[in-house]
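Structure data follow from data11.cif (mmCIF, C-alpha atoms):
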```
data_query
loop_
_atom_site.group_PDB
_atom_site.id
_atom_site.type_symbol
_atom_site.label_atom_id
_atom_site.label_comp_id
_atom_site.auth_asym_id
_atom_site.auth_seq_id
_atom_site.Cartn_x
_atom_site.Cartn_y
_atom_site.Cartn_z
ATOM 1 C CA MET E 1 -4.881 11.922 13.181
ATOM 2 C CA LYS E 2 -7.052 11.679 10.086
ATOM 3 C CA GLU E 3 -9.841 13.627 11.833
ATOM 4 C CA LYS E 4 -7.418 16.433 12.729
ATOM 5 C CA ALA E 5 -6.175 16.617 9.140
ATOM 6 C CA THR E 6 -9.764 16.795 7.894
ATOM 7 C CA ALA E 7 -10.567 19.506 10.441
ATOM 8 C CA LEU E 8 -7.679 21.611 9.126
ATOM 9 C CA LEU E 9 -8.473 20.952 5.465
ATOM 10 C CA TRP E 10 -11.688 22.974 5.194
ATOM 11 C CA PRO E 11 -10.413 26.114 6.960
ATOM 12 C CA GLY E 12 -7.282 25.899 4.796
ATOM 13 C CA LEU E 13 -9.302 25.662 1.604
ATOM 14 C CA LEU E 14 -11.522 28.559 2.654
ATOM 15 C CA LEU E 15 -8.493 30.722 3.488
ATOM 16 C CA ALA E 16 -6.875 29.871 0.157
ATOM 17 C CA ALA E 17 -10.075 30.794 -1.686
ATOM 18 C CA LEU E 18 -10.329 34.111 0.144
ATOM 19 C CA LEU E 19 -6.705 34.991 -0.597
ATOM 20 C CA ALA E 20 -7.091 34.050 -4.255
ATOM 21 C CA SER E 21 -10.251 36.159 -4.543
ATOM 22 C CA TRP E 22 -8.493 39.070 -2.846
ATOM 23 C CA GLU E 23 -5.526 38.857 -5.215
ATOM 24 C CA ALA E 24 -7.800 38.576 -8.257
ATOM 25 C CA ALA E 25 -9.883 41.583 -7.182
ATOM 26 C CA VAL E 26 -6.774 43.726 -6.692
ATOM 27 C CA ARG E 27 -5.446 42.803 -10.125
ATOM 28 C CA ILE E 28 -8.779 43.083 -11.991
ATOM 29 C CA TRP E 29 -9.634 46.528 -10.637
ATOM 30 C CA SER E 30 -5.989 47.691 -10.568
ATOM 31 C CA ILE E 31 -6.204 48.818 -6.946
ATOM 32 C CA PRO E 32 -3.025 50.712 -5.958
ATOM 33 C CA ASP E 33 -0.849 49.181 -3.240
ATOM 34 C CA TYR E 34 -1.182 52.291 -1.082
ATOM 35 C CA ILE E 35 -4.938 51.613 -0.846
ATOM 36 C CA LEU E 36 -5.123 47.810 -0.758
ATOM 37 C CA PRO E 37 -2.144 45.616 -1.614
ATOM 38 C CA GLY E 38 -2.715 42.036 -2.697
ATOM 39 C CA PRO E 39 -1.662 39.024 -0.630
ATOM 40 C CA GLY E 40 1.321 38.489 -2.932
ATOM 41 C CA ALA E 41 2.709 41.965 -2.232
ATOM 42 C CA ILE E 42 2.052 41.544 1.497
ATOM 43 C CA PHE E 43 3.858 38.207 1.737
ATOM 44 C CA GLN E 44 6.730 39.567 -0.334
ATOM 45 C CA THR E 45 7.078 42.512 2.059
ATOM 46 C CA ALA E 46 6.838 40.163 5.038
ATOM 47 C CA TRP E 47 9.795 38.239 3.592
ATOM 48 C CA THR E 48 11.983 41.017 2.200
ATOM 49 C CA ARG E 49 11.611 43.203 5.300
ATOM 50 C CA SER E 50 11.722 40.355 7.789
ATOM 51 C CA ASP E 51 14.719 41.842 9.628
ATOM 52 C CA LEU E 52 12.745 44.995 10.452
ATOM 53 C CA LEU E 53 9.578 43.096 11.268
ATOM 54 C CA LEU E 54 11.312 40.515 13.454
ATOM 55 C CA ARG E 55 13.107 43.236 15.400
ATOM 56 C CA HIS E 56 9.793 44.862 16.296
ATOM 57 C CA THR E 57 8.150 41.455 16.767
ATOM 58 C CA GLY E 58 10.601 40.652 19.553
ATOM 59 C CA VAL E 59 9.551 43.791 21.440
ATOM 60 C CA THR E 60 5.828 43.111 21.092
ATOM 61 C CA LEU E 61 6.259 39.453 22.017
ATOM 62 C CA ALA E 62 8.194 40.408 25.165
ATOM 63 C CA GLU E 63 5.449 42.856 26.160
ATOM 64 C CA VAL E 64 2.774 40.227 25.624
ATOM 65 C CA GLY E 65 4.692 37.532 27.502
ATOM 66 C CA LEU E 66 5.338 39.749 30.520
ATOM 67 C CA GLY E 67 1.749 41.016 30.442
ATOM 68 C CA ILE E 68 0.349 37.488 30.476
ATOM 69 C CA ALA E 69 2.714 36.536 33.326
ATOM 70 C CA LEU E 70 1.618 39.577 35.357
ATOM 71 C CA ALA E 71 -2.052 38.880 34.655
ATOM 72 C CA PHE E 72 -1.592 35.224 35.620
ATOM 73 C CA ALA E 73 0.007 36.174 38.947
ATOM 74 C CA VAL E 74 -2.642 38.773 39.791
ATOM 75 C CA GLY E 75 -5.546 36.683 38.467
ATOM 76 C CA THR E 76 -4.452 33.569 40.344
ATOM 77 C CA GLY E 77 -4.115 35.506 43.589
ATOM 78 C CA LEU E 78 -7.550 37.084 43.185
ATOM 79 C CA ALA E 79 -9.146 33.749 42.255
ATOM 80 C CA VAL E 80 -7.714 31.960 45.288
ATOM 81 C CA ALA E 81 -8.799 34.819 47.554
ATOM 82 C CA MET E 82 -12.345 34.794 46.168
ATOM 83 C CA GLN E 83 -12.598 31.012 46.422
ATOM 84 C CA SER E 84 -11.385 30.931 50.010
ATOM 85 C CA SER E 85 -13.697 33.631 51.359
ATOM 86 C CA ARG E 86 -17.266 34.508 50.474
ATOM 87 C CA ILE E 87 -16.680 38.025 51.791
ATOM 88 C CA MET E 88 -13.636 38.437 49.525
ATOM 89 C CA GLU E 89 -15.648 37.220 46.541
ATOM 90 C CA ARG E 90 -18.435 39.727 47.203
ATOM 91 C CA ALA E 91 -15.893 42.516 47.630
ATOM 92 C CA LEU E 92 -13.578 41.709 44.701
ATOM 93 C CA LEU E 93 -15.804 40.285 41.972
ATOM 94 C CA PRO E 94 -17.672 43.553 41.238
ATOM 95 C CA LEU E 95 -14.335 45.363 40.974
ATOM 96 C CA VAL E 96 -12.951 42.708 38.635
ATOM 97 C CA VAL E 97 -16.026 43.025 36.411
ATOM 98 C CA ALA E 98 -15.940 46.840 36.556
ATOM 99 C CA SER E 99 -12.330 46.824 35.379
ATOM 100 C CA GLN E 100 -13.492 45.370 32.056
ATOM 101 C CA THR E 101 -16.133 48.029 31.435
ATOM 102 C CA ILE E 102 -13.555 50.801 30.976
ATOM 103 C CA PRO E 103 -12.584 51.299 27.296
ATOM 104 C CA VAL E 104 -8.957 50.368 26.750
ATOM 105 C CA PHE E 105 -8.238 53.540 24.794
ATOM 106 C CA ALA E 106 -9.441 55.581 27.784
ATOM 107 C CA VAL E 107 -6.718 54.282 30.107
ATOM 108 C CA ALA E 108 -3.915 53.947 27.542
ATOM 109 C CA PRO E 109 -2.800 57.618 27.735
ATOM 110 C CA LEU E 110 -2.801 57.429 31.533
ATOM 111 C CA LEU E 111 -0.642 54.305 31.525
ATOM 112 C CA ILE E 112 1.789 56.019 29.164
ATOM 113 C CA LEU E 113 1.903 58.968 31.579
ATOM 114 C CA TRP E 114 2.431 56.778 34.635
ATOM 115 C CA PHE E 115 4.762 54.123 33.219
ATOM 116 C CA GLY E 116 6.395 55.970 30.321
ATOM 117 C CA TYR E 117 6.855 55.154 26.648
ATOM 118 C CA GLY E 118 8.846 52.014 27.364
ATOM 119 C CA MET E 119 7.765 48.427 27.876
ATOM 120 C CA GLY E 120 6.135 48.925 31.284
ATOM 121 C CA SER E 121 2.981 50.659 30.064
ATOM 122 C CA LYS E 122 2.394 47.995 27.389
ATOM 123 C CA VAL E 123 2.883 45.174 29.892
ATOM 124 C CA VAL E 124 0.322 46.705 32.259
ATOM 125 C CA MET E 125 -2.084 47.356 29.362
ATOM 126 C CA THR E 126 -1.839 43.718 28.284
ATOM 127 C CA ALA E 127 -2.330 42.503 31.858
ATOM 128 C CA ILE E 128 -5.460 44.627 32.285
ATOM 129 C CA ILE E 129 -7.028 43.023 29.232
ATOM 130 C CA VAL E 130 -6.128 39.386 29.899
ATOM 131 C CA PHE E 131 -6.437 38.983 33.665
ATOM 132 C CA PHE E 132 -10.261 38.886 33.593
ATOM 133 C CA PRO E 133 -10.759 35.563 31.737
ATOM 134 C CA ILE E 134 -7.990 33.983 33.807
ATOM 135 C CA THR E 135 -9.515 35.120 37.091
ATOM 136 C CA VAL E 136 -13.141 34.311 36.328
ATOM 137 C CA ASN E 137 -12.470 30.874 34.877
ATOM 138 C CA LEU E 138 -10.125 29.887 37.705
ATOM 139 C CA VAL E 139 -12.667 30.969 40.336
ATOM 140 C CA ARG E 140 -15.291 28.875 38.600
ATOM 141 C CA GLY E 141 -12.971 25.871 38.492
ATOM 142 C CA LEU E 142 -11.952 26.141 42.140
ATOM 143 C CA LYS E 143 -15.564 26.468 43.300
ATOM 144 C CA SER E 144 -17.063 23.731 41.120
ATOM 145 C CA VAL E 145 -15.424 20.799 42.893
ATOM 146 C CA ASP E 146 -17.703 17.787 43.366
ATOM 147 C CA PRO E 147 -19.200 18.059 46.902
ATOM 148 C CA ASP E 148 -18.910 14.287 47.362
ATOM 149 C CA ALA E 149 -15.188 14.398 46.600
ATOM 150 C CA LEU E 150 -14.783 17.325 48.987
ATOM 151 C CA ALA E 151 -16.669 15.428 51.699
ATOM 152 C CA LEU E 152 -14.467 12.368 51.149
ATOM 153 C CA PHE E 153 -11.296 14.442 51.569
ATOM 154 C CA THR E 154 -12.727 15.898 54.782
ATOM 155 C CA ILE E 155 -13.624 12.464 56.151
ATOM 156 C CA LEU E 156 -10.097 11.242 55.408
ATOM 157 C CA GLY E 157 -8.712 14.134 57.440
ATOM 158 C CA ALA E 158 -7.193 16.161 54.623
ATOM 159 C CA GLY E 159 -6.139 19.673 55.589
ATOM 160 C CA PRO E 160 -6.953 22.841 53.644
ATOM 161 C CA GLY E 161 -3.638 22.696 51.799
ATOM 162 C CA GLN E 162 -4.150 19.092 50.727
ATOM 163 C CA VAL E 163 -7.707 19.826 49.616
ATOM 164 C CA PHE E 164 -6.483 22.749 47.540
ATOM 165 C CA PHE E 165 -3.462 21.168 45.863
ATOM 166 C CA LYS E 166 -4.772 17.620 45.467
ATOM 167 C CA LEU E 167 -8.429 18.294 44.685
ATOM 168 C CA ARG E 168 -9.335 21.888 43.828
ATOM 169 C CA LEU E 169 -6.277 22.771 41.764
ATOM 170 C CA PRO E 170 -6.248 19.660 39.522
ATOM 171 C CA HIS E 171 -10.015 19.994 39.043
ATOM 172 C CA SER E 172 -9.650 23.664 38.056
ATOM 173 C CA LEU E 173 -6.894 23.160 35.450
ATOM 174 C CA PRO E 174 -9.280 22.732 32.473
ATOM 175 C CA PHE E 175 -11.102 25.907 33.533
ATOM 176 C CA LEU E 176 -7.802 27.736 33.939
ATOM 177 C CA PHE E 177 -6.607 26.721 30.482
ATOM 178 C CA THR E 178 -9.915 27.824 28.983
ATOM 179 C CA GLY E 179 -9.270 31.251 30.457
ATOM 180 C CA LEU E 180 -5.661 31.210 29.286
ATOM 181 C CA LYS E 181 -6.701 30.379 25.721
ATOM 182 C CA ILE E 182 -9.012 33.376 25.715
ATOM 183 C CA ALA E 183 -6.319 35.510 27.332
ATOM 184 C CA VAL E 184 -3.567 34.726 24.830
ATOM 185 C CA SER E 185 -6.002 35.273 21.964
ATOM 186 C CA VAL E 186 -6.685 38.876 23.050
ATOM 187 C CA SER E 187 -3.325 39.644 24.652
ATOM 188 C CA LEU E 188 -1.953 41.327 21.538
ATOM 189 C CA ILE E 189 -4.719 43.940 21.697
ATOM 190 C CA GLY E 190 -3.280 45.548 24.811
ATOM 191 C CA ALA E 191 0.291 45.633 23.568
ATOM 192 C CA VAL E 192 -0.596 46.999 20.139
ATOM 193 C CA ILE E 193 -2.950 49.679 21.488
ATOM 194 C CA GLY E 194 -0.245 50.770 23.904
ATOM 195 C CA GLU E 195 2.213 50.996 21.022
ATOM 196 C CA TRP E 196 -0.272 53.004 18.969
ATOM 197 C CA VAL E 197 -0.719 55.551 21.746
ATOM 198 C CA GLY E 198 2.954 55.983 22.475
ATOM 199 C CA ALA E 199 5.997 53.821 21.810
ATOM 200 C CA LYS E 200 9.401 53.738 20.197
ATOM 201 C CA LYS E 201 9.410 50.055 19.228
ATOM 202 C CA GLY E 202 7.019 47.211 18.503
ATOM 203 C CA LEU E 203 4.744 46.094 15.698
ATOM 204 C CA GLY E 204 2.053 48.603 16.684
ATOM 205 C CA TYR E 205 4.587 51.422 16.465
ATOM 206 C CA LEU E 206 5.782 50.090 13.108
ATOM 207 C CA MET E 207 2.208 50.018 11.800
ATOM 208 C CA VAL E 208 1.659 53.674 12.738
ATOM 209 C CA GLN E 209 4.913 54.738 11.085
ATOM 210 C CA ALA E 210 4.266 52.686 7.949
ATOM 211 C CA ASN E 211 0.699 53.983 7.639
ATOM 212 C CA ALA E 212 1.905 57.579 7.874
ATOM 213 C CA GLN E 213 4.248 56.869 4.936
ATOM 214 C CA LEU E 214 1.498 55.083 2.931
ATOM 215 C CA GLN E 215 3.424 51.798 3.138
ATOM 216 C CA VAL E 216 0.206 49.846 3.454
ATOM 217 C CA GLU E 217 1.816 46.549 2.468
ATOM 218 C CA LEU E 218 4.111 46.910 5.499
ATOM 219 C CA VAL E 219 1.080 47.537 7.712
ATOM 220 C CA PHE E 220 -0.508 44.314 6.454
ATOM 221 C CA ALA E 221 2.787 42.478 6.904
ATOM 222 C CA ALA E 222 2.857 43.582 10.547
ATOM 223 C CA ILE E 223 -0.734 42.356 10.937
ATOM 224 C CA PHE E 224 0.343 39.029 9.459
ATOM 225 C CA TYR E 225 3.162 38.743 12.013
ATOM 226 C CA LEU E 226 0.697 39.570 14.799
ATOM 227 C CA SER E 227 -1.643 36.820 13.613
ATOM 228 C CA VAL E 228 1.240 34.337 13.617
ATOM 229 C CA ILE E 229 2.144 35.344 17.180
ATOM 230 C CA GLY E 230 -1.459 34.979 18.345
ATOM 231 C CA THR E 231 -1.853 31.583 16.709
ATOM 232 C CA GLY E 232 1.460 30.396 18.114
ATOM 233 C CA LEU E 233 0.548 31.465 21.653
ATOM 234 C CA TYR E 234 -2.789 29.674 21.394
ATOM 235 C CA LEU E 235 -1.172 26.452 20.144
ATOM 236 C CA LEU E 236 1.446 26.651 22.904
ATOM 237 C CA THR E 237 -1.284 27.013 25.517
ATOM 238 C CA ALA E 238 -3.174 24.058 24.055
ATOM 239 C CA ALA E 239 0.011 21.970 24.161
ATOM 240 C CA LEU E 240 0.557 22.873 27.830
ATOM 241 C CA GLU E 241 -3.026 21.857 28.553
ATOM 242 C CA ARG E 242 -2.473 18.444 26.973
ATOM 243 C CA LEU E 243 0.687 18.067 29.073
ATOM 244 C CA LEU E 244 -0.663 19.251 32.432
ATOM 245 C CA ALA E 245 -4.304 18.191 32.076
ATOM 246 C CA PRO E 246 -4.230 15.120 29.802
ATOM 247 C CA TRP E 247 -7.674 14.011 31.004
ATOM 248 C CA ARG E 248 -9.177 17.050 29.296
ATOM 249 C CA GLN E 249 -9.796 16.002 25.682
ATOM 250 C CA ASP E 250 -11.763 18.379 23.407
#
```
Would you mind writing the file out in structure tokens?
Amino acid sequence: MKEKATALLWPGLLLAALLASWEAAVRIWSIPDYILPGPGAIFQTAWTRSDLLLRHTGVTLAEVGLGIALAFAVGTGLAVAMQSSRIMERALLPLVVASQTIPVFAVAPLLILWFGYGMGSKVVMTAIIVFFPITVNLVRGLKSVDPDALALFTILGAGPGQVFFKLRLPHSLPFLFTGLKIAVSVSLIGAVIGEWVGAKKGLGYLMVQANAQLQVELVFAAIFYLSVIGTGLYLLTAALERLLAPWRQD
């Protein structure tokens, strides 16, 4: 417990120093709020306009949650297929890698065209971004089972289903959660980019509208809410890892 508190102390002190320096610089050089507001003005806006921000936060959070769920379903299916068949791995893995070489902004207008301005396009955009780390890490976990343990299961007469659920899947959980941690950390990128390109709700939409009206403190407040969401999703994933894979201790 003491080690965890110490680990949090130094990042906290550094963040406090950065915020204090930021606030001092804004005040010393009298920088207008429409160019760069100070942390005080940003936090005040985040509090006084919380109703507006929370309303759009709910939309973005729903998009991210559904996108992660879709990516998890697709990524898990692809990973199991690639682990079970060498031919499937050779056929699918290059396509999975190629999907990550396309710039997100290049496909965003197409997704808006195909799925509309509603939640669907943002969910698909999020899924496209986050399914790669889930898929790759789960494949690695499923294929890195100890050969001696696999041989023992075979000698004991375990069927393919028993080998998968009692050996491969438990062994792959730490790998899967590593991929999920990466996924939730970048999941907001897809939703926000989709909202920038075309949306009627969400924090990304709010940022575009606020920026057009030179309400820069509201833009920073939306960024603050996004950072809270990202941190919360990461901590939730870490908590699930401790619950489902307690033998994995970092």
Using only C-alpha atoms, determine which residues lie at most 9 Å from E:Leu54, disregarding the query and same-chain residues fewer than 5 positions distant; provide the list as a PDB file with C-alpha atoms, keeping the file's coordinate frame.
```pdb
ATOM      1  CA  ARG E  49      11.611  43.203   5.300  1.00  0.00           C
ATOM      2  CA  VAL E  59       9.551  43.791  21.440  1.00  0.00           C
ATOM      3  CA  LEU E 203       4.744  46.094  15.698  1.00  0.00           C
ATOM      4  CA  TYR E 225       3.162  38.743  12.013  1.00  0.00           C
TER       5      TYR E 225
END
```
| Expressed in Å to a single decimal, how great is the separation between atom CA of E:Ile229 and atom CA of E:Gly58? |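 Result for atom CA of E:Ile229 versus atom CA of E:Gly58: 10.3 Å, one decimal.
The spacing separating atom CA of E:Ala73 from atom CA of E:Ala238 amounts to 19.5 Å.
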| task | Would you work out the distance separating atom CA of E:Ala210 from atom CA of E:Ser21, expressed in Å to one decimal? | result |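 That distance, rounded to one decimal, is 25.3 Å.
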| Spatial sel., origin (5.4, 45.9, 30.0), limit 10 Å, all atoms listed in the file, listed as a list in words |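 Residues found, by chain and rising number: Val59, Thr60, Ala62, Glu63, Val64, Gly65, Leu66, Gly67, Ile68, Leu70, Phe115, Tyr117, Gly118, Met119, Gly120, Ser121, Lys122, Val123, Val124, Met125, Thr126, Ala127, Ala191 and Gly194 of chain E.
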Output as lines of an AutoDock Vina configuration file the centre and edge lengths (Å, one decimal) of the box along x, y and z of the file that holds every listed atom of stretch 137-142 of chain E after adding 6 Å on each side.
```
center_x = -12.7
center_y = 28.4
center_z = 38.5
size_x = 17.2
size_y = 17.1
size_z = 19.3
```
| said: So that I can see what lies close to E:Lys201, please list as an MDAnalysis selection string the residues with an atom at most 8 Å from it, counting only C-alpha atoms and leaving out residues fewer than 3 positions away in the same chain. | reply: chainID E and resid 56 59 195 204:206
Would you put the residues from that selection into a file with C-alpha atoms, as a short mmCIF file (atom, residue, chain, number, x, y, z; two decimals), in the coordinates of the input?
```cif
data_model
loop_
_atom_site.label_atom_id
_atom_site.label_comp_id
_atom_site.auth_asym_id
_atom_site.auth_seq_id
_atom_site.Cartn_x
_atom_site.Cartn_y
_atom_site.Cartn_z
CA HIS E 56 9.79 44.86 16.30
CA VAL E 59 9.55 43.79 21.44
CA GLU E 195 2.21 51.00 21.02
CA GLY E 204 2.05 48.60 16.68
CA TYR E 205 4.59 51.42 16.46
CA LEU E 206 5.78 50.09 13.11
#
```
As a JSON list (two decimals) with C-alpha atoms, in the coordinates of the input, please: the residues near E:Leu142 (cut-off 7 Å, only C-alpha atoms, same-chain neighbours under 5 positions excluded).
```
[["chain", "number", "residue", "atom", "x", "y", "z"],
["E", 83, "GLN", "CA", -12.60, 31.01, 46.42],
["E", 168, "ARG", "CA", -9.34, 21.89, 43.83],
["E", 169, "LEU", "CA", -6.28, 22.77, 41.76],
["E", 172, "SER", "CA", -9.65, 23.66, 38.06]]
```
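Restricting the calculation to only C-alpha atoms, the smallest distance between E:Met88 and any of E:Val139, E:Ile129, E:Ala71, E:Val208 is found for E:Val139.
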Residue IDs satisfying the PyMOL selection byres ((chain E and resi 24-37) around 8), as a CSV table (one decimal) with C-alpha atoms, keeping the file's coordinate frame:
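File out15.csv, as written:
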```
chain,number,residue,atom,x,y,z
E,20,ALA,CA,-7.1,34.0,-4.3
E,21,SER,CA,-10.3,36.2,-4.5
E,22,TRP,CA,-8.5,39.1,-2.8
E,23,GLU,CA,-5.5,38.9,-5.2
E,38,GLY,CA,-2.7,42.0,-2.7
E,39,PRO,CA,-1.7,39.0,-0.6
E,41,ALA,CA,2.7,42.0,-2.2
E,42,ILE,CA,2.1,41.5,1.5
E,214,LEU,CA,1.5,55.1,2.9
E,215,GLN,CA,3.4,51.8,3.1
E,216,VAL,CA,0.2,49.8,3.5
E,217,GLU,CA,1.8,46.5,2.5
```
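Nearest residue to E:Met82, choosing from E:Leu61, E:Phe105, E:Leu138, E:Thr231 and counting all atoms listed in the file: E:Leu138.
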| message | Here's the selection I'm unsure about, the PyMOL selection byres ((chain E and resi 167) around 12); applied to the file above, which residues does it give, as a ChimeraX atom specification? | response | /E:141-154,158-166,168-173
| query | If the PyMOL selection byres ((chain E and resi 241) around 12) is run on the structure shown, which residues does it catch, given as a list of chain:residue names? | reply |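 Written out, the selection comes to E:Pro170, E:Ser172, E:Leu173, E:Pro174, E:Phe175, E:Leu176, E:Phe177, E:Thr178, E:Gly179, E:Leu180, E:Lys181, E:Tyr234, E:Leu235, E:Leu236, E:Thr237, E:Ala238, E:Ala239, E:Leu240, E:Arg242, E:Leu243, E:Leu244, E:Ala245, E:Pro246, E:Trp247, E:Arg248, E:Gln249, E:Asp250.
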| query | Quick one: of E:Ile112, E:Thr135, E:Arg90, E:Gly230, who's nearest to E:Lys200, counting all atoms listed in the file? | reply |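 Closest to E:Lys200, using all atoms listed in the file: E:Ile112.
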| remark: Of E:Leu9, E:Arg86, E:Ala108, E:Leu52, the one nearest to E:Gly198 when counting only C-alpha atoms is E:Ala108
| remark: Using all atoms listed in the file, the residue out of E:Val74, E:Val104, E:Leu226, E:Leu156 with shortest distance to E:Gly190 is E:Val104
